[in-house]
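Below is the file target-v4.txt, which contains compact mmCIF, C-alpha atoms.
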```txt
# COMPACT_ATOMS: atom_id res chain seq x y z
CA MET A 1 0.00 0.00 0.00
CA SER A 2 1.26 3.45 -0.87
CA ARG A 3 0.07 6.97 -1.62
CA LEU A 4 1.84 8.22 -4.71
CA GLY A 5 1.93 11.83 -5.78
CA LEU A 6 3.96 14.89 -6.65
CA VAL A 7 5.73 17.66 -4.77
CA ILE A 8 6.07 20.88 -6.75
CA ASP A 9 8.55 23.56 -5.68
CA ILE A 10 7.05 26.96 -6.53
CA ASP A 11 10.44 28.59 -5.92
CA ALA A 12 12.15 26.41 -8.50
CA CYS A 13 9.49 26.40 -11.23
CA VAL A 14 10.46 28.76 -14.07
CA GLY A 15 7.22 28.38 -16.03
CA CYS A 16 8.88 26.80 -19.07
CA HIS A 17 5.99 24.34 -19.72
CA ALA A 18 8.41 21.44 -20.22
CA CYS A 19 6.24 19.37 -17.86
CA ALA A 20 3.14 20.05 -19.95
CA THR A 21 4.75 19.20 -23.27
CA ALA A 22 6.50 16.06 -21.94
CA CYS A 23 3.20 14.91 -20.45
CA LYS A 24 1.42 15.45 -23.74
CA GLU A 25 4.10 13.60 -25.69
CA TRP A 26 4.11 10.57 -23.40
CA ASN A 27 0.36 10.30 -22.94
CA GLY A 28 -0.41 10.97 -26.58
CA ALA A 29 0.64 7.38 -27.25
CA SER A 30 -0.31 5.90 -23.88
CA LEU A 31 -2.97 3.22 -23.87
CA MET A 32 -3.61 3.82 -20.17
CA ALA A 33 -4.19 7.56 -20.63
CA GLY A 34 -6.18 7.13 -23.83
CA GLY A 35 -4.31 9.84 -25.70
CA ALA A 36 -4.11 13.62 -25.60
CA PRO A 37 -5.25 14.79 -29.04
CA ASP A 38 -4.78 18.16 -30.71
CA TYR A 39 -7.54 19.90 -32.61
CA ASP A 40 -6.62 21.87 -35.73
CA PRO A 41 -3.02 22.39 -34.49
CA GLN A 42 -1.96 24.37 -37.59
CA GLY A 43 -5.23 26.24 -37.98
CA ALA A 44 -6.57 29.60 -36.83
CA THR A 45 -7.87 28.29 -33.49
CA PRO A 46 -5.60 25.43 -32.37
CA SER A 47 -6.64 23.56 -29.25
CA GLY A 48 -6.29 20.19 -27.61
CA VAL A 49 -6.26 18.09 -24.45
CA TRP A 50 -3.65 18.84 -21.80
CA PHE A 51 -3.14 16.85 -18.60
CA ASN A 52 -0.71 19.43 -17.20
CA ARG A 53 -1.12 23.20 -17.39
CA VAL A 54 1.03 25.93 -15.87
CA ARG A 55 -0.78 28.91 -14.35
CA HIS A 56 0.97 32.23 -13.86
CA TYR A 57 0.18 34.68 -11.05
CA GLU A 58 1.58 38.01 -9.93
CA ALA A 59 2.26 38.20 -6.18
CA GLY A 60 3.11 41.22 -4.06
CA GLU A 61 3.14 44.91 -4.85
CA TYR A 62 5.41 46.70 -7.30
CA PRO A 63 8.38 47.01 -7.10
CA GLU A 64 8.49 43.96 -4.79
CA SER A 65 6.16 41.89 -6.98
CA ARG A 66 7.14 38.58 -8.56
CA THR A 67 5.67 36.03 -10.92
CA LEU A 68 4.63 32.69 -9.43
CA ASN A 69 4.41 29.74 -11.81
CA VAL A 70 1.98 27.11 -10.55
CA PRO A 71 1.78 23.81 -12.49
CA MET A 72 -1.64 22.17 -12.20
CA SER A 73 -2.71 18.61 -12.88
CA CYS A 74 -4.78 15.93 -11.19
CA MET A 75 -4.17 16.01 -7.42
CA HIS A 76 -5.21 12.36 -6.92
CA CYS A 77 -7.34 13.44 -3.98
CA GLU A 78 -8.11 11.14 -1.08
CA THR A 79 -11.70 12.43 -1.09
CA ALA A 80 -12.14 12.50 -4.86
CA ASP A 81 -15.56 13.89 -5.71
CA CYS A 82 -14.82 13.24 -9.38
CA VAL A 83 -15.11 9.56 -8.48
CA THR A 84 -18.19 10.02 -6.31
CA VAL A 85 -20.25 11.84 -8.96
CA CYS A 86 -19.41 9.53 -11.86
CA PRO A 87 -22.70 7.81 -12.80
CA THR A 88 -21.06 4.90 -14.64
CA GLY A 89 -18.16 4.08 -12.32
CA ALA A 90 -15.67 5.08 -15.01
CA SER A 91 -13.72 7.22 -12.55
CA TYR A 92 -12.10 5.22 -9.79
CA LYS A 93 -9.35 5.47 -7.18
CA ARG A 94 -6.90 2.61 -6.83
CA ALA A 95 -6.55 1.23 -3.32
CA GLU A 96 -2.95 0.09 -3.78
CA ASP A 97 -1.40 3.48 -4.60
CA GLY A 98 -4.15 6.13 -4.45
CA ILE A 99 -3.96 7.01 -8.15
CA VAL A 100 -7.25 8.23 -9.66
CA LEU A 101 -7.94 6.85 -13.13
CA ILE A 102 -10.66 6.70 -15.78
CA ASP A 103 -11.94 3.55 -17.46
CA ALA A 104 -12.58 4.82 -21.00
CA GLU A 105 -14.79 1.82 -21.75
CA LYS A 106 -17.27 3.01 -19.10
CA CYS A 107 -16.98 6.78 -19.62
CA MET A 108 -19.85 8.45 -21.46
CA GLY A 109 -18.41 11.96 -21.45
CA CYS A 110 -21.09 13.51 -19.25
CA ASN A 111 -18.60 16.03 -17.75
CA TYR A 112 -19.88 15.51 -14.17
CA CYS A 113 -16.35 14.73 -12.99
CA ALA A 114 -14.97 17.90 -14.61
CA TRP A 115 -17.60 20.01 -12.84
CA ALA A 116 -16.77 18.32 -9.51
CA CYS A 117 -13.00 18.94 -9.84
CA PRO A 118 -11.96 22.35 -8.42
CA TYR A 119 -8.50 22.06 -10.01
CA GLY A 120 -9.59 21.95 -13.64
CA ALA A 121 -7.74 18.66 -14.03
CA ARG A 122 -10.18 16.89 -16.35
CA GLU A 123 -10.80 17.60 -20.01
CA LEU A 124 -13.16 16.11 -22.57
CA ASP A 125 -11.54 14.44 -25.55
CA GLU A 126 -13.74 15.69 -28.37
CA THR A 127 -12.47 12.92 -30.64
CA SER A 128 -13.54 9.99 -28.48
CA GLY A 129 -16.19 11.75 -26.37
CA THR A 130 -14.57 10.56 -23.15
CA MET A 131 -12.76 12.30 -20.31
CA ARG A 132 -8.98 12.53 -20.01
CA LYS A 133 -6.70 13.36 -17.08
CA CYS A 134 -3.27 12.83 -15.53
CA THR A 135 -2.60 9.17 -14.72
CA LEU A 136 0.66 9.92 -12.89
CA CYS A 137 2.17 7.99 -15.82
CA VAL A 138 1.03 4.78 -14.16
CA ASP A 139 2.13 2.77 -17.19
CA ARG A 140 5.64 4.18 -16.79
CA ILE A 141 6.25 4.16 -13.04
CA TYR A 142 5.58 0.40 -12.84
CA ASP A 143 7.43 -0.56 -16.03
CA ARG A 144 10.24 -2.87 -14.91
CA ALA A 145 11.70 -2.81 -18.41
CA LEU A 146 12.85 0.74 -17.66
CA PRO A 147 15.85 1.57 -15.45
CA GLU A 148 14.66 2.38 -11.93
CA ALA A 149 15.71 6.03 -12.25
CA GLU A 150 13.37 6.41 -15.22
CA ARG A 151 10.29 4.96 -13.48
CA GLN A 152 8.91 8.40 -12.81
CA PRO A 153 6.21 10.53 -14.44
CA ALA A 154 7.29 12.16 -17.69
CA CYS A 155 6.75 15.64 -16.23
CA VAL A 156 9.23 14.95 -13.41
CA LEU A 157 11.91 13.64 -15.75
CA ALA A 158 11.52 16.59 -18.13
CA CYS A 159 11.65 19.43 -15.58
CA PRO A 160 14.95 21.31 -16.19
CA ALA A 161 14.73 23.16 -12.87
CA HIS A 162 14.01 20.01 -10.79
CA ALA A 163 10.87 21.66 -9.48
CA ARG A 164 8.84 18.44 -9.59
CA HIS A 165 9.39 15.39 -7.39
CA PHE A 166 7.61 12.02 -7.31
CA GLY A 167 7.26 9.59 -4.45
CA ASP A 168 5.27 7.85 -1.75
CA PHE A 169 3.68 10.13 0.83
CA ASP A 170 2.87 7.18 3.08
CA ASP A 171 6.60 6.58 3.54
CA PRO A 172 7.79 9.16 6.11
CA SER A 173 11.40 8.66 5.01
CA SER A 174 10.73 9.26 1.30
CA ALA A 175 12.16 12.34 -0.41
CA VAL A 176 8.70 13.85 -0.96
CA SER A 177 7.68 13.40 2.68
CA THR A 178 10.96 14.92 3.85
CA MET A 179 10.59 17.95 1.57
CA VAL A 180 7.04 18.58 2.74
CA ARG A 181 8.14 18.50 6.40
CA GLU A 182 11.17 20.71 5.92
CA ARG A 183 9.53 23.29 3.65
CA ASP A 184 5.96 23.29 5.06
CA GLY A 185 4.51 21.86 1.87
CA ALA A 186 0.77 22.28 1.56
CA PRO A 187 -2.09 21.16 -0.69
CA LEU A 188 -4.02 23.55 -2.90
CA LEU A 189 -7.52 24.65 -1.84
CA GLU A 190 -7.23 22.63 1.37
CA LYS A 191 -10.41 24.14 2.87
CA LEU A 192 -12.57 22.44 0.24
CA GLY A 193 -11.91 19.10 1.92
CA TYR A 194 -10.82 17.09 -1.12
CA ARG A 195 -7.56 16.13 0.64
CA PRO A 196 -5.33 16.27 -2.45
CA THR A 197 -2.22 14.11 -2.39
CA ASN A 198 0.03 16.51 -4.31
CA ARG A 199 1.86 19.14 -2.27
CA TYR A 200 3.31 22.53 -3.14
CA LEU A 201 6.40 23.99 -1.52
CA PRO A 202 5.84 27.72 -0.89
CA PRO A 203 8.27 30.40 -2.03
CA ARG A 204 11.07 31.09 0.40
CA VAL A 205 11.31 34.50 2.03
CA ALA A 206 13.91 36.52 0.15
CA PRO A 207 16.83 37.58 2.39
CA GLU A 208 17.31 41.27 3.00
CA VAL A 209 20.29 42.51 1.04
CA PRO A 210 21.96 45.66 2.41
CA PRO A 211 22.32 48.53 -0.05
CA PRO A 212 25.71 48.78 -1.76
CA ALA A 213 28.32 51.02 -0.23
CA GLU A 214 28.67 54.44 -1.75
CA ALA A 215 30.63 54.21 -4.99
CA PRO A 216 34.04 55.94 -5.04
CA PRO A 217 34.29 59.17 -7.03
CA ARG A 218 34.52 58.76 -10.79
CA GLY A 219 38.06 57.97 -11.87
CA THR A 220 39.25 56.76 -8.45
CA LEU A 221 39.24 53.08 -9.44
CA GLN A 222 41.09 53.80 -12.66
CA ARG A 223 43.78 55.76 -10.77
CA ARG A 224 44.22 52.92 -8.27
CA LEU A 225 44.63 50.38 -11.08
CA ALA A 226 47.14 52.60 -12.88
CA SER A 227 49.13 52.96 -9.65
CA MET A 228 49.19 49.18 -9.13
CA VAL A 229 50.37 48.60 -12.71
CA ASN A 230 53.16 51.17 -12.33
CA ARG A 231 54.37 49.51 -9.13
CA LEU A 232 54.41 46.11 -10.84
CA ILE A 233 56.42 47.53 -13.75
CA ARG A 234 59.03 48.95 -11.38
CA LEU A 235 59.51 45.59 -9.60
```
Written as structure tokens, that's how I'd like the structure from this file.
Amino acid sequence: MSRLGLVIDIDACVGCHACATACKEWNGASLMAGGAPDYDPQGATPSGVWFNRVRHYEAGEYPESRTLNVPMSCMHCETADCVTVCPTGASYKRAEDGIVLIDAEKCMGCNYCAWACPYGARELDETSGTMRKCTLCVDRIYDRALPEAERQPACVLACPAHARHFGDFDDPSSAVSTMVRERDGAPLLEKLGYRPTNRYLPPRVAPEVPPPAEAPPRGTLQRRLASMVNRLIRL
């Protein structure tokens, strides 16, 4: 038994969208995920299904403001209302690892699960008429044909800033559990009671940097360098 999920470091995320594109590439051919199609990709109004999206927010007041990049995907909630509202049983939560999945054979594309999800993690595949979402790359993380270091979600492996981490939250000694303890990691929209598995590490408080010392008068540095050179020449 385990509780698998992601830790996302808001401080480290640079908003490059590598996680989103890697996710789309892997799951576009994944039988478990059912695909992530594009609609009219070269046309006037391109669109498509994305399991990962990166939101951008401005925090603070100018001139102390900063951009926060917040990747969003399925949180694999412990109290997953997307599962509860599904009329066909297509949405389900696995007991062995806590991953929330969709059985495409049972899904009728009613969108109830999308309305129940406060994270915007579910999207309708207009091609098949069924719902799509992050599977935590379940077909990859259990693939023993891959080297152990590569048995991670595609988004984690692709992140150039190492802002995403994968592991077992039920293991107190795991890397994700340790990071959450040390950095006060927290779930998103905790008050709604969905009990999401994924955790976000908040931005660190920037240290106060003292103002630079008053610059020497113009030309002082050049005179000092010239003096040093002359002394070296005379040696």
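Of the residues under consideration (A:Thr197, A:Gly109, A:Val176, A:Glu25), A:Thr197 shows the shortest atom-to-atom contact distance to A:Cys74 when counting all atoms listed in the file.
Across the model, the gap from atom CA of A:Ser73 to atom CA of A:Asn52 is 4.8 Å.
Nearest-residue note for A:Asn27: choosing from A:Pro46, A:Pro153, A:Pro41, A:Gly98, the minimum distance belongs to A:Pro153, counting all atoms listed in the file.
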| field | Interatomic distance, atom CA of A:Asp97 to atom CA of A:Asp11 (Å, one decimal) | value | 27.8 Å
| message | Give me the residues near A:Val54 as a ChimeraX atom specification, where near means some atom within 9 Å (using only C-alpha atoms) and where sequence neighbours in that chain fewer than 4 positions away do not count. | response | /A:15-17,19-20,69-73
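For the set A:Glu208, A:Asp81, A:Glu64, A:Asp38, the residue with the smallest atom-to-atom gap to A:Cys117 is A:Asp81, counting all atoms listed in the file.
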Any idea what's packed within 10 Å of A:Trp50, counting all atoms listed in the file, ignoring anything in its chain fewer than 5 positions away? Could you give it as an mmCIF file with C-alpha atoms, in the coordinates of the input?
```cif
data_model
loop_
_atom_site.group_PDB
_atom_site.id
_atom_site.type_symbol
_atom_site.label_atom_id
_atom_site.label_comp_id
_atom_site.auth_asym_id
_atom_site.auth_seq_id
_atom_site.Cartn_x
_atom_site.Cartn_y
_atom_site.Cartn_z
ATOM 1 C CA ALA A 20 3.140 20.050 -19.950
ATOM 2 C CA THR A 21 4.750 19.200 -23.270
ATOM 3 C CA CYS A 23 3.200 14.910 -20.450
ATOM 4 C CA LYS A 24 1.420 15.450 -23.740
ATOM 5 C CA ASN A 27 0.360 10.300 -22.940
ATOM 6 C CA GLY A 28 -0.410 10.970 -26.580
ATOM 7 C CA GLY A 35 -4.310 9.840 -25.700
ATOM 8 C CA ALA A 36 -4.110 13.620 -25.600
ATOM 9 C CA PRO A 37 -5.250 14.790 -29.040
ATOM 10 C CA ASP A 38 -4.780 18.160 -30.710
ATOM 11 C CA SER A 73 -2.710 18.610 -12.880
ATOM 12 C CA ALA A 121 -7.740 18.660 -14.030
ATOM 13 C CA ARG A 122 -10.180 16.890 -16.350
ATOM 14 C CA GLU A 123 -10.800 17.600 -20.010
ATOM 15 C CA LEU A 124 -13.160 16.110 -22.570
ATOM 16 C CA ASP A 125 -11.540 14.440 -25.550
ATOM 17 C CA ARG A 132 -8.980 12.530 -20.010
ATOM 18 C CA LYS A 133 -6.700 13.360 -17.080
ATOM 19 C CA CYS A 134 -3.270 12.830 -15.530
#
```
| query | Could you name the residues that touch A:Val85 at 7 Å or less, counting all atoms listed in the file, but leaving out those on the same chain fewer than 2 positions away, as a ChimeraX atom specification? | reply | /A:81-83,87,112-113
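Between atom CA of A:Leu6 and atom CA of A:Thr127 the separation is 29.1 Å.
Restricting the calculation to only C-alpha atoms, the smallest distance between A:Ala18 and any of A:Pro160, A:Gly193, A:Pro203, A:Pro187 is found for A:Pro160.
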What's the 9 Å shell around A:Ile141, counting all atoms listed in the file, without same-chain residues fewer than 4 positions away, as a CSV table (one decimal) with C-alpha atoms, in the frame of the given file?
```csv
chain,number,residue,atom,x,y,z
A,136,LEU,CA,0.7,9.9,-12.9
A,137,CYS,CA,2.2,8.0,-15.8
A,146,LEU,CA,12.8,0.7,-17.7
A,148,GLU,CA,14.7,2.4,-11.9
A,150,GLU,CA,13.4,6.4,-15.2
A,151,ARG,CA,10.3,5.0,-13.5
A,152,GLN,CA,8.9,8.4,-12.8
A,153,PRO,CA,6.2,10.5,-14.4
```
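The smallest atom-to-atom distance between A:Asn198 and any of A:Val7, A:Cys13, A:Leu101, A:Ala116, using all atoms listed in the file, is found for A:Val7.
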| query | With all atoms listed in the file as the basis for distance, which of A:Tyr200, A:Thr130, A:Gly185, A:Gly120 is at the shortest distance from A:Ala90? | reply | A:Thr130
